[in-house]
$ cat upload30.cif   # mmCIF, N, CA, C and O atoms
data_upload
loop_
_atom_site.label_atom_id
_atom_site.label_comp_id
_atom_site.auth_asym_id
_atom_site.auth_seq_id
_atom_site.Cartn_x
_atom_site.Cartn_y
_atom_site.Cartn_z
N ILE A 1 3.93 -9.95 2.45
CA ILE A 1 3.41 -9.83 3.80
C ILE A 1 3.41 -8.36 4.20
O ILE A 1 4.05 -7.54 3.56
N VAL A 2 2.69 -8.08 5.27
CA VAL A 2 2.69 -6.73 5.85
C VAL A 2 3.15 -6.87 7.29
O VAL A 2 2.60 -7.67 8.05
N ALA A 3 4.18 -6.12 7.64
CA ALA A 3 4.70 -6.15 9.01
C ALA A 3 4.40 -4.81 9.67
O ALA A 3 4.77 -3.76 9.15
N LEU A 4 3.70 -4.87 10.79
CA LEU A 4 3.32 -3.66 11.52
C LEU A 4 4.29 -3.47 12.68
O LEU A 4 4.37 -4.30 13.57
N ASN A 5 5.01 -2.36 12.67
CA ASN A 5 5.98 -2.10 13.72
C ASN A 5 5.27 -1.66 15.00
O ASN A 5 4.59 -0.65 15.04
N ARG A 6 5.43 -2.46 16.04
CA ARG A 6 4.84 -2.16 17.35
C ARG A 6 5.82 -1.24 18.08
O ARG A 6 6.84 -1.67 18.60
N PHE A 7 5.48 0.05 18.13
CA PHE A 7 6.35 1.02 18.79
C PHE A 7 5.78 1.34 20.17
O PHE A 7 4.59 1.60 20.31
N GLU A 8 6.63 1.29 21.16
CA GLU A 8 6.20 1.51 22.56
C GLU A 8 5.16 0.48 22.99
O GLU A 8 4.29 0.78 23.80
N GLY A 9 5.23 -0.70 22.41
CA GLY A 9 4.36 -1.80 22.84
C GLY A 9 2.92 -1.73 22.39
O GLY A 9 2.10 -2.49 22.87
N GLN A 10 2.60 -0.84 21.47
CA GLN A 10 1.21 -0.76 21.03
C GLN A 10 1.12 -0.45 19.55
O GLN A 10 2.05 0.06 18.94
N LEU A 11 -0.03 -0.78 18.99
CA LEU A 11 -0.34 -0.47 17.60
C LEU A 11 -1.55 0.45 17.59
O LEU A 11 -2.48 0.28 18.38
N ASP A 12 -1.54 1.43 16.70
CA ASP A 12 -2.67 2.35 16.62
C ASP A 12 -3.88 1.74 15.93
O ASP A 12 -5.00 2.16 16.14
N TYR A 13 -3.63 0.73 15.08
CA TYR A 13 -4.69 0.10 14.32
C TYR A 13 -4.58 -1.42 14.43
O TYR A 13 -3.49 -1.95 14.58
N THR A 14 -5.71 -2.10 14.29
CA THR A 14 -5.68 -3.56 14.30
C THR A 14 -5.20 -4.06 12.94
O THR A 14 -5.23 -3.33 11.94
N ALA A 15 -4.79 -5.31 12.90
CA ALA A 15 -4.36 -5.91 11.64
C ALA A 15 -5.49 -5.88 10.62
O ALA A 15 -5.26 -5.63 9.44
N GLU A 16 -6.70 -6.10 11.05
CA GLU A 16 -7.83 -6.08 10.13
C GLU A 16 -8.11 -4.68 9.60
O GLU A 16 -8.49 -4.52 8.43
N GLN A 17 -7.92 -3.66 10.41
CA GLN A 17 -8.07 -2.29 9.93
C GLN A 17 -7.02 -1.97 8.87
O GLN A 17 -7.32 -1.33 7.86
N VAL A 18 -5.80 -2.42 9.09
CA VAL A 18 -4.72 -2.21 8.12
C VAL A 18 -5.01 -2.99 6.84
O VAL A 18 -4.84 -2.48 5.73
N ARG A 19 -5.46 -4.23 6.98
CA ARG A 19 -5.79 -5.06 5.81
C ARG A 19 -6.83 -4.35 4.94
O ARG A 19 -6.71 -4.27 3.72
N GLU A 20 -7.86 -3.83 5.58
CA GLU A 20 -8.92 -3.14 4.85
C GLU A 20 -8.41 -1.85 4.19
O GLU A 20 -8.70 -1.59 3.03
N ALA A 21 -7.62 -1.07 4.92
CA ALA A 21 -7.10 0.19 4.38
C ALA A 21 -6.17 -0.04 3.19
O ALA A 21 -6.18 0.72 2.22
N LEU A 22 -5.36 -1.11 3.25
CA LEU A 22 -4.43 -1.41 2.17
C LEU A 22 -5.03 -2.30 1.08
O LEU A 22 -4.38 -2.56 0.07
N GLU A 23 -6.25 -2.78 1.34
CA GLU A 23 -6.93 -3.69 0.43
C GLU A 23 -6.09 -4.94 0.15
O GLU A 23 -5.88 -5.35 -0.99
N VAL A 24 -5.61 -5.53 1.25
CA VAL A 24 -4.77 -6.73 1.18
C VAL A 24 -5.67 -7.96 1.30
O VAL A 24 -6.54 -8.01 2.18
N SER A 25 -5.47 -8.95 0.44
CA SER A 25 -6.30 -10.14 0.46
C SER A 25 -6.09 -10.94 1.76
O SER A 25 -5.04 -10.85 2.39
N PRO A 26 -7.08 -11.73 2.13
CA PRO A 26 -7.03 -12.46 3.41
C PRO A 26 -5.88 -13.46 3.54
O PRO A 26 -5.46 -13.76 4.66
N GLU A 27 -5.36 -13.99 2.43
CA GLU A 27 -4.28 -14.97 2.55
C GLU A 27 -2.91 -14.34 2.80
O GLU A 27 -1.96 -15.04 3.12
N VAL A 28 -2.81 -13.03 2.69
CA VAL A 28 -1.54 -12.34 2.94
C VAL A 28 -1.37 -12.15 4.44
O VAL A 28 -2.22 -11.56 5.10
N PRO A 29 -0.26 -12.65 5.00
CA PRO A 29 -0.03 -12.50 6.43
C PRO A 29 0.20 -11.03 6.83
O PRO A 29 0.92 -10.30 6.15
N ILE A 30 -0.45 -10.63 7.90
CA ILE A 30 -0.18 -9.34 8.53
C ILE A 30 0.27 -9.64 9.95
O ILE A 30 -0.48 -10.24 10.72
N ILE A 31 1.50 -9.25 10.26
CA ILE A 31 2.05 -9.56 11.58
C ILE A 31 2.57 -8.28 12.22
O ILE A 31 2.93 -7.33 11.55
N ASP A 32 2.58 -8.28 13.53
CA ASP A 32 3.17 -7.14 14.23
C ASP A 32 4.51 -7.56 14.82
O ASP A 32 4.74 -8.74 15.08
N PHE A 33 5.39 -6.58 14.94
CA PHE A 33 6.72 -6.86 15.46
C PHE A 33 7.29 -5.58 16.05
O PHE A 33 6.71 -4.52 15.95
N ASP A 34 8.43 -5.70 16.70
CA ASP A 34 9.15 -4.55 17.23
C ASP A 34 10.49 -4.47 16.51
O ASP A 34 11.36 -5.32 16.69
N ALA A 35 10.65 -3.46 15.67
CA ALA A 35 11.85 -3.34 14.83
C ALA A 35 13.12 -3.18 15.66
O ALA A 35 14.22 -3.40 15.16
N ARG A 36 12.99 -2.83 16.92
CA ARG A 36 14.17 -2.65 17.78
C ARG A 36 14.69 -3.97 18.31
O ARG A 36 15.79 -4.03 18.86
N GLN A 37 13.91 -5.04 18.15
CA GLN A 37 14.32 -6.35 18.67
C GLN A 37 14.72 -7.27 17.52
O GLN A 37 13.91 -7.55 16.62
N ARG A 38 15.93 -7.74 17.55
CA ARG A 38 16.47 -8.58 16.48
C ARG A 38 15.62 -9.83 16.26
O ARG A 38 15.33 -10.20 15.13
N LEU A 39 15.23 -10.51 17.31
CA LEU A 39 14.44 -11.73 17.17
C LEU A 39 13.09 -11.45 16.52
O LEU A 39 12.59 -12.25 15.73
N SER A 40 12.50 -10.32 16.85
CA SER A 40 11.23 -9.95 16.26
C SER A 40 11.38 -9.72 14.76
O SER A 40 10.56 -10.18 13.96
N GLY A 41 12.44 -9.04 14.36
CA GLY A 41 12.72 -8.85 12.94
C GLY A 41 12.99 -10.16 12.22
O GLY A 41 12.58 -10.35 11.07
N GLY A 42 13.63 -11.08 12.91
CA GLY A 42 13.89 -12.40 12.35
C GLY A 42 12.60 -13.15 12.07
O GLY A 42 12.49 -13.87 11.07
N GLU A 43 11.63 -13.00 12.95
CA GLU A 43 10.33 -13.65 12.75
C GLU A 43 9.64 -13.10 11.50
O GLU A 43 8.99 -13.84 10.75
N VAL A 44 9.79 -11.81 11.27
CA VAL A 44 9.23 -11.21 10.05
C VAL A 44 9.88 -11.83 8.82
O VAL A 44 9.19 -12.21 7.87
N LEU A 45 11.19 -11.94 8.83
CA LEU A 45 11.90 -12.53 7.69
C LEU A 45 11.51 -14.00 7.48
O LEU A 45 11.33 -14.44 6.34
N LYS A 46 11.36 -14.75 8.55
CA LYS A 46 10.95 -16.15 8.41
C LYS A 46 9.55 -16.25 7.82
O LYS A 46 9.28 -17.10 6.97
N THR A 47 8.66 -15.38 8.26
CA THR A 47 7.30 -15.37 7.72
C THR A 47 7.32 -15.02 6.24
O THR A 47 6.62 -15.65 5.43
N LEU A 48 8.13 -14.04 5.86
CA LEU A 48 8.26 -13.65 4.46
C LEU A 48 8.78 -14.82 3.62
O LEU A 48 8.24 -15.12 2.55
N LEU A 49 9.81 -15.51 4.09
CA LEU A 49 10.37 -16.64 3.35
C LEU A 49 9.36 -17.78 3.21
O LEU A 49 9.22 -18.36 2.13
N ARG A 50 8.65 -18.09 4.29
CA ARG A 50 7.64 -19.15 4.23
C ARG A 50 6.56 -18.80 3.20
O ARG A 50 6.16 -19.62 2.38
N TYR A 51 6.11 -17.56 3.24
CA TYR A 51 5.06 -17.12 2.32
C TYR A 51 5.57 -17.18 0.88
O TYR A 51 4.87 -17.66 -0.01
N ALA A 52 6.79 -16.72 0.64
CA ALA A 52 7.37 -16.73 -0.71
C ALA A 52 7.52 -18.15 -1.23
O ALA A 52 7.21 -18.42 -2.40
N LEU A 53 7.97 -19.06 -0.39
CA LEU A 53 8.14 -20.45 -0.82
C LEU A 53 6.80 -21.12 -1.11
O LEU A 53 6.68 -21.90 -2.05
N GLU A 54 5.79 -20.81 -0.32
CA GLU A 54 4.47 -21.41 -0.53
C GLU A 54 3.78 -20.86 -1.78
O GLU A 54 2.95 -21.53 -2.37
N HIS A 55 4.13 -19.64 -2.16
CA HIS A 55 3.45 -18.99 -3.28
C HIS A 55 4.37 -18.75 -4.47
O HIS A 55 4.14 -17.86 -5.28
N ASN A 56 5.40 -19.57 -4.60
CA ASN A 56 6.38 -19.42 -5.66
C ASN A 56 5.82 -19.99 -6.96
O ASN A 56 5.75 -21.19 -7.14
N ARG A 57 5.46 -19.12 -7.86
CA ARG A 57 4.94 -19.54 -9.15
C ARG A 57 6.04 -19.61 -10.20
O ARG A 57 5.85 -20.15 -11.28
N ALA A 58 7.20 -19.04 -9.90
CA ALA A 58 8.30 -19.02 -10.86
C ALA A 58 8.84 -20.42 -11.13
O ALA A 58 9.43 -20.68 -12.17
N SER A 59 8.64 -21.35 -10.19
CA SER A 59 9.18 -22.70 -10.38
C SER A 59 8.28 -23.57 -11.26
O SER A 59 8.66 -24.67 -11.62
N GLU A 60 7.09 -23.07 -11.63
CA GLU A 60 6.21 -23.84 -12.49
C GLU A 60 6.72 -23.81 -13.93
O GLU A 60 7.18 -22.78 -14.40
N PRO A 61 6.65 -24.94 -14.64
CA PRO A 61 7.12 -24.96 -16.03
C PRO A 61 6.29 -24.03 -16.91
O PRO A 61 5.08 -23.92 -16.76
N VAL A 62 6.96 -23.37 -17.85
CA VAL A 62 6.29 -22.44 -18.74
C VAL A 62 5.69 -23.17 -19.93
O VAL A 62 4.60 -22.88 -20.37
N ALA A 63 6.43 -24.13 -20.47
CA ALA A 63 5.93 -24.83 -21.67
C ALA A 63 5.64 -26.28 -21.38
O ALA A 63 5.96 -26.85 -20.43
#
$ encode --input "upload30.cif" --output "structure tokens"
Amino acid sequence: IVALNRFEGQLDYTAEQVREALEVSPEVPIIDFDARQRLSGGEVLKTLLRYALEHNRASEPVA
């Protein structure tokens, strides 16, 4: 995922501008948050965990 830190309540770029600049595929979540707020950081971690669990290929059998 990509987490955009909202500093002073604003972002300089939209999520779509960041997606394009980083060449991130559409299924990758891009979220904004405020790193100074614990709950906001927690939401980032929850999003990361959900994404990792949904896209976990390591649990697929190899043979």
$ select_by_dssp --input "upload30.cif" --residues "chain A" --states "strand (DSSP E or B)" --output "list in words"
Val2, Ala3, Leu4, Asn5, Phe7, Gln10, Ile30, Ile31, Asp32 and Phe33 of chain A
$ atom_distance --input "upload30.cif" --atom1 "atom O of A:Leu48" --atom2 "atom N of A:Glu20"
19.9 Å
$ residues_around --input "upload30.cif" --residues "A:Phe33" --least-positions-apart "2" --cutoff "8 Å" --atoms "all atoms listed in the file" --output "count of residues only"
19
$ axis_aligned_box --input "upload30.cif" --around "stretch 41-51 of chain A" --padding-each-side "6 Å" --output "JSON"
{"center_x": 9.4, "center_y": -14.2, "center_z": 7.2, "size_x": 21.0, "size_y": 22.8, "size_z": 26.4}
$ atom_distance --input "upload30.cif" --atom1 "atom N of A:Ala15" --atom2 "atom O of A:Thr47"
17.1 Å
$ atom_distance --input "upload30.cif" --atom1 "atom N of A:Glu23" --atom2 "atom CA of A:Ile1"
12.2 Å
$ select_by_dssp --input "upload30.cif" --residues "chain A" --states "helix (DSSP H, G or I)" --output "list in words"
Ala15, Glu16, Gln17, Val18, Arg19, Glu20, Ala21, Leu22, Arg38, Leu39, Ser40, Gly41, Gly42, Glu43, Val44, Leu45, Lys46, Thr47, Leu48, Leu49, Arg50, Tyr51, Ala52, Leu53 and Glu54 of chain A
